[in-house]
Every structure is written in structure tokens, then in C-alpha cells.
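Here's data_7.cif, which has mmCIF, C-alpha atoms:
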```
data_model
#
loop_
_atom_site.label_atom_id
_atom_site.label_comp_id
_atom_site.auth_asym_id
_atom_site.auth_seq_id
_atom_site.Cartn_x
_atom_site.Cartn_y
_atom_site.Cartn_z
CA MET A 1 -99.68 -126.93 -8.78
CA GLY A 2 -96.54 -126.69 -10.85
CA VAL A 3 -96.21 -128.04 -14.36
CA VAL A 4 -93.24 -130.15 -15.38
CA ASP A 5 -92.21 -131.70 -18.67
CA ARG A 6 -91.91 -135.15 -17.09
CA PRO A 7 -94.60 -135.03 -14.39
CA GLU A 8 -95.26 -137.47 -11.62
CA PRO A 9 -98.71 -139.02 -11.20
CA LEU A 10 -101.22 -136.78 -9.41
CA SER A 11 -102.72 -137.97 -6.16
CA ALA A 12 -106.42 -137.55 -5.50
CA HIS A 13 -105.99 -134.47 -3.24
CA GLN A 14 -103.63 -132.83 -5.73
CA HIS A 15 -106.13 -132.96 -8.55
CA HIS A 16 -107.92 -129.67 -7.92
CA ARG A 17 -110.41 -129.86 -10.80
CA GLU A 18 -113.70 -131.75 -10.61
CA ASP A 19 -113.40 -135.49 -11.08
CA PRO A 20 -113.11 -136.27 -14.80
CA VAL A 21 -115.06 -138.89 -16.65
CA LEU A 22 -112.37 -141.52 -17.04
CA PRO A 23 -112.10 -143.68 -20.16
CA PRO A 24 -113.18 -147.29 -19.89
CA GLY A 25 -110.55 -149.99 -19.99
CA LYS A 26 -108.95 -152.86 -18.19
CA GLY A 27 -106.28 -152.53 -15.54
CA ALA A 28 -104.83 -149.50 -13.80
CA TYR A 29 -103.60 -146.34 -15.43
CA GLU A 30 -102.14 -143.02 -14.37
CA LEU A 31 -103.82 -139.63 -14.48
CA ARG A 32 -101.25 -136.93 -15.13
CA ARG A 33 -101.10 -133.22 -15.82
CA VAL A 34 -98.78 -132.93 -18.83
CA ARG A 35 -97.36 -130.09 -20.86
CA LEU A 36 -98.56 -130.17 -24.45
CA THR A 37 -94.95 -129.84 -25.60
CA ALA A 38 -94.33 -133.32 -24.17
CA ILE A 39 -97.07 -134.83 -26.36
CA ALA A 40 -96.65 -136.22 -29.88
CA LEU A 41 -99.48 -137.03 -32.28
CA THR A 42 -99.86 -140.46 -33.81
CA PRO A 43 -100.36 -140.93 -37.55
CA LEU A 44 -102.75 -143.74 -36.63
CA ASN A 45 -105.57 -141.26 -36.00
CA PRO A 46 -107.69 -141.24 -39.17
CA ARG A 47 -109.27 -137.88 -38.32
CA ARG A 48 -108.12 -134.93 -40.39
CA THR A 49 -110.57 -132.22 -39.31
CA PHE A 50 -110.83 -130.83 -35.79
CA GLY A 51 -113.38 -128.06 -36.08
CA THR A 52 -113.36 -124.47 -37.28
CA ASP A 53 -111.39 -121.74 -35.53
CA GLU A 54 -114.57 -120.68 -33.76
CA GLU A 55 -115.32 -124.23 -32.61
CA ARG A 56 -111.75 -124.70 -31.37
CA THR A 57 -112.00 -121.40 -29.46
CA VAL A 58 -115.23 -122.45 -27.76
CA LEU A 59 -113.85 -125.86 -26.79
CA GLY A 60 -110.49 -124.41 -25.72
CA GLU A 61 -112.09 -121.85 -23.43
CA SER A 62 -114.27 -124.57 -21.88
CA LEU A 63 -111.12 -126.60 -21.23
CA ARG A 64 -109.58 -123.57 -19.56
CA LYS A 65 -112.45 -123.59 -17.04
CA ALA A 66 -112.69 -127.35 -16.51
CA GLN A 67 -111.55 -130.46 -18.34
CA LEU A 68 -114.13 -133.09 -17.55
CA ALA A 69 -112.59 -135.91 -19.59
CA PRO A 70 -108.84 -136.54 -19.83
CA CYS A 71 -107.12 -137.14 -23.12
CA VAL A 72 -105.65 -140.61 -23.54
CA ALA A 73 -101.98 -141.27 -24.28
CA VAL A 74 -99.43 -144.05 -24.12
CA SER A 75 -95.85 -143.65 -23.00
CA ARG A 76 -93.08 -143.24 -25.52
CA PRO A 77 -91.49 -146.66 -24.80
CA ALA A 78 -94.82 -148.50 -25.07
CA TYR A 79 -95.67 -146.84 -28.38
CA LEU A 80 -92.25 -147.22 -30.01
CA LYS A 81 -92.17 -150.87 -29.03
CA LEU A 82 -95.07 -151.36 -31.46
CA TRP A 83 -94.10 -148.76 -34.08
CA PRO A 84 -90.35 -148.20 -33.98
CA GLU A 85 -90.57 -146.78 -37.51
CA HIS A 86 -92.47 -143.76 -36.10
CA ILE A 87 -89.52 -142.59 -33.99
CA GLN A 88 -88.71 -139.64 -36.24
CA GLY A 89 -92.27 -138.32 -36.06
CA ILE A 90 -92.46 -138.83 -32.29
CA GLY A 91 -89.27 -136.88 -31.71
CA ASP A 92 -88.40 -136.28 -28.05
CA ALA A 93 -91.99 -136.46 -26.79
CA ASP A 94 -92.61 -138.43 -23.62
CA TYR A 95 -96.16 -139.49 -24.59
CA VAL A 96 -98.12 -140.24 -27.74
CA LEU A 97 -101.73 -139.03 -27.93
CA ILE A 98 -104.21 -141.68 -29.06
CA ASN A 99 -107.53 -140.12 -28.01
CA GLY A 100 -108.46 -136.47 -27.57
CA GLU A 101 -106.73 -134.79 -30.51
CA ARG A 102 -109.57 -132.29 -30.93
CA ARG A 103 -109.13 -131.20 -27.31
CA TYR A 104 -105.37 -131.03 -27.89
CA HIS A 105 -105.70 -128.75 -30.93
CA SER A 106 -108.32 -126.60 -29.21
CA ALA A 107 -106.08 -126.15 -26.16
CA LEU A 108 -103.18 -125.06 -28.35
CA HIS A 109 -105.50 -122.71 -30.25
CA VAL A 110 -106.36 -120.71 -27.12
CA GLY A 111 -102.85 -120.83 -25.67
CA LEU A 112 -103.20 -123.49 -22.98
CA GLU A 113 -99.94 -125.17 -22.00
CA GLU A 114 -101.19 -128.32 -20.27
CA LEU A 115 -104.04 -130.80 -20.10
CA ASP A 116 -105.02 -133.87 -18.10
CA PHE A 117 -103.97 -137.19 -19.62
CA ALA A 118 -104.80 -140.78 -18.75
CA ILE A 119 -101.67 -142.81 -19.49
CA ARG A 120 -102.93 -146.10 -20.91
CA ASP A 121 -99.99 -148.35 -21.70
CA ASP A 122 -102.38 -151.26 -21.19
CA LEU A 123 -103.87 -150.41 -24.60
CA ALA A 124 -100.53 -150.89 -26.37
CA THR A 125 -100.43 -154.67 -26.18
CA SER A 126 -100.36 -155.10 -29.98
CA ARG A 127 -100.69 -153.01 -33.12
CA GLU A 128 -104.08 -154.54 -33.79
CA ASP A 129 -105.36 -153.69 -30.29
CA LEU A 130 -104.20 -150.08 -30.39
CA VAL A 131 -105.52 -149.35 -33.89
CA ASN A 132 -108.84 -150.94 -32.93
CA TYR A 133 -109.06 -148.68 -29.86
CA VAL A 134 -108.32 -145.51 -31.85
CA LEU A 135 -110.88 -146.38 -34.54
CA THR A 136 -113.60 -147.53 -32.13
CA GLU A 137 -113.34 -144.32 -30.14
CA ASN A 138 -113.77 -142.24 -33.30
CA LEU A 139 -116.69 -144.29 -34.62
CA GLU A 140 -118.73 -143.00 -31.67
CA ARG A 141 -118.36 -139.39 -32.82
CA GLU A 142 -120.95 -137.68 -35.02
CA ASP A 143 -118.33 -135.46 -36.71
CA PHE A 144 -116.25 -138.43 -37.90
CA ASP A 145 -116.68 -138.11 -41.65
CA VAL A 146 -117.10 -140.90 -44.18
CA MET A 147 -113.57 -140.89 -45.58
CA GLU A 148 -111.93 -140.58 -42.16
CA ARG A 149 -113.83 -143.69 -41.13
CA ALA A 150 -112.81 -145.53 -44.30
CA ARG A 151 -109.14 -144.69 -43.69
CA GLY A 152 -109.44 -145.93 -40.12
CA VAL A 153 -110.97 -149.21 -41.27
CA GLN A 154 -108.10 -149.62 -43.74
CA GLN A 155 -105.56 -149.12 -40.94
CA LEU A 156 -107.28 -151.77 -38.82
CA VAL A 157 -107.37 -154.23 -41.73
CA ASN A 158 -103.66 -153.58 -42.32
CA ALA A 159 -102.90 -154.25 -38.65
CA CYS A 160 -104.94 -157.47 -38.73
CA ALA A 161 -103.15 -158.56 -41.91
CA GLU A 162 -99.75 -158.35 -40.19
CA ASN A 163 -100.58 -161.57 -38.36
CA SER A 164 -102.21 -163.20 -41.39
CA ALA A 165 -103.47 -161.65 -44.60
CA ILE A 166 -106.08 -164.38 -44.88
CA GLY A 167 -109.27 -163.29 -43.15
CA ALA A 168 -107.94 -159.83 -42.19
CA GLN A 169 -111.16 -158.08 -43.24
CA SER A 170 -113.27 -160.59 -41.32
CA ARG A 171 -111.19 -160.08 -38.16
CA ALA A 172 -111.46 -156.31 -38.52
CA ALA A 173 -115.23 -156.62 -38.94
CA GLU A 174 -115.48 -158.79 -35.83
CA ARG A 175 -113.51 -156.28 -33.76
CA LEU A 176 -115.79 -153.45 -34.88
CA GLY A 177 -119.00 -155.43 -34.41
CA ARG A 178 -119.80 -155.19 -38.13
CA ASN A 179 -120.11 -157.68 -40.95
CA ARG A 180 -117.47 -158.26 -43.60
CA SER A 181 -119.49 -156.59 -46.37
CA TRP A 182 -119.55 -153.35 -44.36
CA VAL A 183 -115.76 -153.40 -44.16
CA THR A 184 -115.53 -154.16 -47.90
CA ASN A 185 -117.78 -151.20 -48.69
CA GLN A 186 -115.62 -148.89 -46.57
CA LEU A 187 -112.43 -149.95 -48.34
CA ALA A 188 -114.07 -149.51 -51.75
CA LEU A 189 -114.60 -145.80 -51.05
CA LEU A 190 -110.83 -145.34 -50.84
CA ARG A 191 -110.49 -146.39 -54.49
CA LEU A 192 -112.68 -143.55 -55.74
CA PRO A 193 -110.99 -140.48 -57.30
CA ALA A 194 -109.80 -137.82 -54.84
CA GLU A 195 -112.43 -135.29 -55.95
CA ILE A 196 -115.25 -137.71 -55.20
CA GLN A 197 -113.68 -138.60 -51.84
CA ASP A 198 -113.68 -134.89 -50.99
CA MET A 199 -117.39 -134.72 -51.87
CA LEU A 200 -118.03 -137.64 -49.51
CA SER A 201 -116.08 -135.93 -46.71
CA SER A 202 -118.02 -132.68 -47.11
CA GLY A 203 -121.38 -134.45 -47.27
CA GLU A 204 -122.10 -133.18 -50.78
CA LEU A 205 -122.21 -136.80 -51.94
CA PRO A 206 -124.25 -139.15 -49.72
CA GLU A 207 -122.41 -142.25 -48.54
CA ARG A 208 -124.92 -144.64 -50.14
CA ASP A 209 -124.35 -142.93 -53.50
CA GLY A 210 -120.61 -143.19 -52.93
CA ARG A 211 -120.96 -146.94 -52.45
CA ARG A 212 -122.92 -147.18 -55.72
CA LEU A 213 -120.23 -145.20 -57.51
CA ALA A 214 -117.51 -147.40 -56.02
CA ARG A 215 -119.24 -150.52 -57.38
CA HIS A 216 -119.67 -148.86 -60.78
CA HIS A 217 -116.03 -147.76 -60.78
CA LYS A 218 -114.90 -151.30 -60.01
CA GLN A 219 -116.85 -152.57 -63.01
CA HIS A 220 -115.62 -149.71 -65.23
CA PRO A 221 -112.15 -148.68 -63.98
CA GLU A 222 -111.50 -146.71 -67.17
CA LEU A 223 -114.09 -144.05 -66.27
CA SER A 224 -112.86 -140.57 -65.38
CA THR A 225 -114.06 -138.48 -62.44
CA ALA A 226 -116.35 -136.53 -64.76
CA ASP A 227 -117.82 -139.78 -66.13
CA LEU A 228 -118.51 -141.07 -62.63
CA LEU A 229 -120.19 -137.83 -61.56
CA SER A 230 -122.36 -137.86 -64.67
CA HIS A 231 -123.36 -141.44 -63.89
CA TRP A 232 -124.23 -140.38 -60.32
CA LYS A 233 -126.44 -137.49 -61.45
CA VAL A 234 -128.34 -139.71 -63.89
CA THR A 235 -128.81 -142.75 -61.67
CA ARG A 236 -129.33 -141.38 -58.18
CA PRO A 237 -132.91 -141.70 -56.86
CA ARG A 238 -135.33 -139.16 -58.32
CA ARG A 239 -136.32 -137.87 -54.89
CA GLU A 240 -132.74 -136.72 -54.26
CA ARG A 241 -132.36 -134.72 -57.46
CA THR A 242 -132.72 -130.95 -57.62
CA PRO A 243 -135.63 -129.53 -59.69
CA ARG A 244 -133.15 -128.49 -62.39
CA GLU A 245 -131.98 -132.11 -62.77
CA LEU A 246 -135.46 -133.61 -63.06
CA PRO A 247 -136.78 -134.28 -66.58
CA SER A 248 -139.18 -131.64 -67.84
CA PRO A 249 -142.84 -132.75 -67.52
CA ARG A 250 -144.85 -133.24 -70.70
CA THR A 251 -147.51 -130.53 -70.79
CA ALA A 252 -150.63 -130.68 -72.93
CA PRO A 253 -151.45 -127.61 -75.04
CA ALA A 254 -153.89 -125.24 -73.37
CA ASP A 255 -157.35 -124.79 -74.84
CA SER A 256 -159.79 -121.89 -74.55
CA ALA A 257 -162.13 -123.74 -72.21
CA HIS A 258 -159.45 -124.94 -69.81
CA PRO A 259 -156.36 -122.69 -69.95
CA GLU A 260 -153.21 -124.03 -68.28
CA ARG A 261 -152.80 -122.81 -64.70
CA PRO A 262 -149.52 -122.61 -62.78
CA LEU A 263 -148.93 -125.12 -60.03
CA PRO A 264 -149.84 -123.74 -56.58
CA THR A 265 -146.91 -122.45 -54.53
CA ASP A 266 -148.55 -123.08 -51.16
CA ASN A 267 -151.44 -124.91 -49.56
CA THR A 268 -153.47 -121.88 -48.47
CA THR A 269 -155.27 -120.93 -51.70
CA LEU A 270 -156.36 -124.28 -53.07
CA VAL A 271 -159.77 -124.58 -54.66
CA PRO A 272 -161.87 -127.27 -52.93
CA LEU A 273 -162.73 -130.31 -55.00
CA MET A 274 -166.39 -130.25 -53.99
CA THR A 275 -168.69 -127.27 -54.06
CA ALA A 276 -171.25 -126.58 -51.35
CA GLY A 277 -174.20 -128.90 -51.51
CA GLN A 278 -172.46 -131.39 -53.78
CA PRO A 279 -173.03 -134.91 -52.42
CA ARG A 280 -169.94 -136.73 -51.19
CA THR A 281 -169.57 -140.10 -52.86
CA THR A 282 -167.29 -143.03 -52.22
CA ARG A 283 -165.76 -145.36 -54.74
CA PRO A 284 -166.00 -149.14 -54.53
CA GLY A 285 -163.33 -150.51 -52.23
CA ILE A 286 -162.56 -147.12 -50.63
CA PRO A 287 -163.70 -146.65 -46.99
CA HIS A 288 -165.76 -143.51 -46.44
CA SER A 289 -163.47 -142.49 -43.57
CA VAL A 290 -160.48 -141.89 -45.83
CA VAL A 291 -162.28 -139.59 -48.28
CA PRO A 292 -161.57 -136.28 -46.46
CA ALA A 293 -157.85 -137.00 -46.16
CA ALA A 294 -157.71 -138.16 -49.77
CA ALA A 295 -159.45 -134.99 -50.94
CA LEU A 296 -156.87 -132.85 -49.13
CA LEU A 297 -154.02 -134.86 -50.65
CA VAL A 298 -155.42 -134.45 -54.17
CA ARG A 299 -155.89 -130.69 -53.69
CA ARG A 300 -152.20 -130.42 -52.87
CA LEU A 301 -151.38 -131.83 -56.29
CA GLY A 302 -153.11 -128.91 -58.04
CA THR A 303 -156.34 -126.96 -58.39
CA THR A 304 -157.63 -128.81 -61.48
CA PRO A 305 -157.34 -132.35 -62.82
CA ARG A 306 -154.96 -130.98 -65.48
CA ASP A 307 -152.72 -129.47 -62.78
CA GLN A 308 -152.88 -132.63 -60.72
CA ALA A 309 -151.88 -134.76 -63.72
CA ARG A 310 -148.99 -132.41 -64.51
CA THR A 311 -147.67 -132.70 -60.93
CA LEU A 312 -147.85 -136.49 -61.02
CA ALA A 313 -146.11 -136.60 -64.42
CA ALA A 314 -143.23 -134.58 -62.98
CA GLY A 315 -142.79 -136.96 -60.07
CA LEU A 316 -143.26 -140.38 -61.69
CA ASP A 317 -141.54 -142.22 -64.50
CA ALA A 318 -143.47 -143.59 -67.48
CA ARG A 319 -143.90 -147.07 -66.02
CA SER A 320 -145.23 -145.72 -62.72
CA LEU A 321 -147.65 -143.44 -64.56
CA ARG A 322 -149.04 -146.38 -66.54
CA GLU A 323 -149.46 -148.44 -63.36
CA LEU A 324 -151.21 -145.51 -61.66
CA PHE A 325 -153.56 -145.07 -64.64
CA GLU A 326 -154.49 -148.74 -64.64
CA ALA A 327 -155.07 -148.67 -60.88
CA LEU A 328 -157.32 -145.59 -61.19
CA ARG A 329 -159.40 -147.21 -63.93
CA ARG A 330 -160.51 -149.89 -61.47
CA HIS A 331 -162.27 -147.21 -59.42
CA LEU A 332 -164.28 -145.75 -62.32
#
```

Just give me the structure as C-alpha cells.
Amino acid sequence: MGVVDRPEPLSAHQHHREDPVLPPGKGAYELRRVRLTAIALTPLNPRRTFGTDEERTVLGESLRKAQLAPCVAVSRPAYLKLWPEHIQGIGDADYVLINGERRYHSALHVGLEELDFAIRDDLATSREDLVNYVLTENLEREDFDVMERARGVQQLVNACAENSAIGAQSRAAERLGRNRSWVTNQLALLRLPAEIQDMLSSGELPERDGRRLARHHKQHPELSTADLLSHWKVTRPRRERTPRELPSPRTAPADSAHPERPLPTDNTTLVPLMTAGQPRTTRPGIPHSVVPAAALLVRRLGTTPRDQARTLAAGLDARSLRELFEALRRHL
């Protein structure tokens, strides 16, 4: 089958590869084999990362063997009717890619010259419709990072605002099947300093912590990047901090009768709480059936009461320690 720059639609018997999984949508569309030189990329795609060289090689070689899902594009006239200001970026391309850019880059990476495309001019009915399609398709992908998603949401809000700025975020939320507060949280991430946005993209900074920082930044816009990162390290949940960031536990001075022992490094050499022949007792309000599991849990805290107390002090704040002490006193 020859390859042309302006190909005609392929008939069923001409399409020699296995049947692709076609994208969902309304109305008819054309399946074409198109040279990659006839394809332009849209700036509407919020994605900025398309895999490592190794990942692009693996995907590209799989496309060389069989392309199960076609990329999705719209024709040049349909696209420029909505975005005439993009004409310089589109150049002489016949089609504009709106879904499948990772496949496109992977194909170029391994030297492929053509791919299968579903031509979906039915998607280009309005700016709002097309941006919504591009963003919705990307939201389904696991490798769509936090900031890419936030930029996509911003594009959709902008498209909705072209009809009416009032209620644009609510309309964007409705299109995405989310609530308005979710959209607001996404847009807030875009106001964080660039360094913090990079940390969100890489996963170094969890998204929930990014949202907290965005709220703090809104309340204190004068804070620098360093100030915001310091605030994050101090206020993020204790369970997420590294051992170096946790406050040092208060240790009691060792005495000759009970010298301080190091915390156990594993669960294989723990000293049992009860010696052989020692009667097993239960405390008021504690079912006998839970005693064995409780004994194992306590042993994991340390080999002596002093060790166990030191472990708890490292993991709880002062208020929690006081509440634990008062709760324990009820079982004496």
C-alpha cells in the first residue's frame, strides 16, 4: 500500500493491519494512513512529557508491528475555523493531531513515516467541545501529571469563558464530571512558584500538599519559594516526614539497673513480654481474645517498657502522649 501526503480514505479490504480499537464518538469519521510530515501538533494538548527515550523506543517498535488504536486528528480547515490564530504553528500540515501525541513522538523516534489516523472533524464543533475532548482523553491516563492536568483545566475554563466569563469554572466542572471546588483547586496550583510546580510534576511534592501550599500562598502572597517550602516541611503530616525531619525524642538518662537499649531493627529478636509459666491476665474492658495480638504489637514497639515509651514519644506529639497516658491509667 503506497503512502501519500494527501491520502484517500482506506477501504476495509485495503487496511491490512488488524482492526484497530476505534475512538468513541458521534457520527462517521474516516480512517486514513497518513504521513507524519502531514501532521501538525496542537498547542491545546496540556501534556509536556511523552516518556523516556527507552519508553519511546519500546512503543515505537510495537507500532511498527501493529497499531491497534489510531491517533485522532481533525482536518486543517476544521481546526483553523476554530483557531485561525494558530495558522503559523500549523504551517502547511493537512491535519492537526488532537489525541495520540505519545504515539506520534514514539513513531518519529524509531523512524516510522506513517501512522493510522481517525479524522474526527465532528469533534471540532466549538472551541469548548474540542478542548474538553483533549482534556478528557488525557485525564484517563495514569502518566498525566498534576501540572499538565491543571494546565488542561485552565484551557477548558478559558474556552468556556469565551461564551460567558460568568460561571465558566462551573461549566468546566460540569463537562469534566467534577465539582467546582475541584476546578478551583486545580487552577490554584498554577499560581505556585515554578520550582514548586516542578516538584508537583515530578511527584516529589504530593498533590494534597500542593493544594495546602496554594491556599497558604493565597493568604500570604509575599512569601518566597523558600518560605513556602519551609512551611511545607513543618506542617505536612508527621507520617510523611523523613526520620531526619522528625523532632528528636526526649530520652530519659540511663541508670545502672536499667541501661538504655537501642530500638530493635527487626521483628525477629524481640524478647517476649511474658516468661514461661507466667499467668496471662486480662485488664478490665479488654476481651481475652485480643491479648495475644496486643502483646505482639507491644513487642514491636521495643523490648522493654523504656524502649516502648521512647518509640511512642517519637511518633506522637505532646497532646497525643497525654491522651494516651490518661487512657492507659484507666486500665491500671

| Which of these, A:Phe50, A:Tyr104, A:Tyr79, A:Tyr29, has the shortest distance to A:Arg120 once you count only C-alpha atoms? |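 Of the candidates, the smallest distance to A:Arg120 is held by A:Tyr29.
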
| request: Go through the shown structure with the PyMOL selection byres ((chain A and resi 153) around 8) and write out the matching residues as a PyMOL selection string. | output: chain A and resi 135+149-152+154-157+172+183+186-187

Atoms kept (C-alpha atoms) for selection, written as an mmCIF file, in the frame of the given file:
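Generated file (out-v8.cif):
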```cif
data_model
loop_
_atom_site.group_PDB
_atom_site.id
_atom_site.type_symbol
_atom_site.label_atom_id
_atom_site.label_comp_id
_atom_site.auth_asym_id
_atom_site.auth_seq_id
_atom_site.Cartn_x
_atom_site.Cartn_y
_atom_site.Cartn_z
ATOM 1 C CA LEU A 135 -110.880 -146.380 -34.540
ATOM 2 C CA ARG A 149 -113.830 -143.690 -41.130
ATOM 3 C CA ALA A 150 -112.810 -145.530 -44.300
ATOM 4 C CA ARG A 151 -109.140 -144.690 -43.690
ATOM 5 C CA GLY A 152 -109.440 -145.930 -40.120
ATOM 6 C CA GLN A 154 -108.100 -149.620 -43.740
ATOM 7 C CA GLN A 155 -105.560 -149.120 -40.940
ATOM 8 C CA LEU A 156 -107.280 -151.770 -38.820
ATOM 9 C CA VAL A 157 -107.370 -154.230 -41.730
ATOM 10 C CA ALA A 172 -111.460 -156.310 -38.520
ATOM 11 C CA VAL A 183 -115.760 -153.400 -44.160
ATOM 12 C CA GLN A 186 -115.620 -148.890 -46.570
ATOM 13 C CA LEU A 187 -112.430 -149.950 -48.340
#
```

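Atom CA of A:Gln197 is found 18.9 Å from atom CA of A:Asn138.
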
| query | Counting only C-alpha atoms, which residues come within 12 Å of (-91.7, -133.7, -37.0), with the point read in the file's coordinates, and could you list them as an NGL selection string? | reply | :A and (39-43 or 86-93)

Please provide as a PDB file with C-alpha atoms, keeping the file's coordinate frame all residues within 10 Å of A:Arg211, with the sequence filter that same-chain residues fewer than 3 positions apart are discarded (counting all atoms listed in the file).
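Done, and the output landed in part-v4.pdb:
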```
ATOM      1  CA  ASN A 185    -117.780-151.200 -48.690  1.00  0.00           C
ATOM      2  CA  GLN A 186    -115.620-148.890 -46.570  1.00  0.00           C
ATOM      3  CA  LEU A 187    -112.430-149.950 -48.340  1.00  0.00           C
ATOM      4  CA  ALA A 188    -114.070-149.510 -51.750  1.00  0.00           C
ATOM      5  CA  LEU A 189    -114.600-145.800 -51.050  1.00  0.00           C
ATOM      6  CA  LEU A 192    -112.680-143.550 -55.740  1.00  0.00           C
ATOM      7  CA  PRO A 206    -124.250-139.150 -49.720  1.00  0.00           C
ATOM      8  CA  GLU A 207    -122.410-142.250 -48.540  1.00  0.00           C
ATOM      9  CA  ARG A 208    -124.920-144.640 -50.140  1.00  0.00           C
ATOM     10  CA  ALA A 214    -117.510-147.400 -56.020  1.00  0.00           C
ATOM     11  CA  ARG A 215    -119.240-150.520 -57.380  1.00  0.00           C
ATOM     12  CA  HIS A 216    -119.670-148.860 -60.780  1.00  0.00           C
ATOM     13  CA  HIS A 217    -116.030-147.760 -60.780  1.00  0.00           C
TER      14      HIS A 217
END
```

| said: Report, in Å to a single decimal, how far apart atom CA of A:Asn99 and atom CA of A:Phe144 are. | reply: 13.3 Å

| said: Take the PyMOL selection byres ((chain A and resi 109) around 8), run it mentally on this structure, and tell me the resulting residues as a PyMOL selection string. | reply: chain A and resi 53+56-57+60+105-108+110-112

| request: Evaluate the PyMOL selection byres ((chain A and resi 126) around 12) here and jot the selected residues down as a PyMOL selection string. | output: chain A and resi 78-83+121-125+127-133+156+159-160+162-163

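Between atom CA of A:Glu204 and atom CA of A:Leu44 there is a distance of 26.2 Å.
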
| request: Considering only C-alpha atoms, state which residue in the set A:Pro193, A:Thr136, A:Ala327, A:Pro305 is at the smallest distance from A:Ala173. | output: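 Among the listed residues, the smallest separation from A:Ala173 belongs to A:Thr136.
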
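Counting all atoms listed in the file, the residue from A:Ser201, A:Ile166, A:Leu312, A:Arg191 that sits nearest to A:Pro221 is A:Arg191.
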
| request: Tell me which of A:Leu63, A:Val74, A:Leu115, A:Val146 sits closest to A:Arg33, counting all atoms listed in the file. | output: A:Leu115
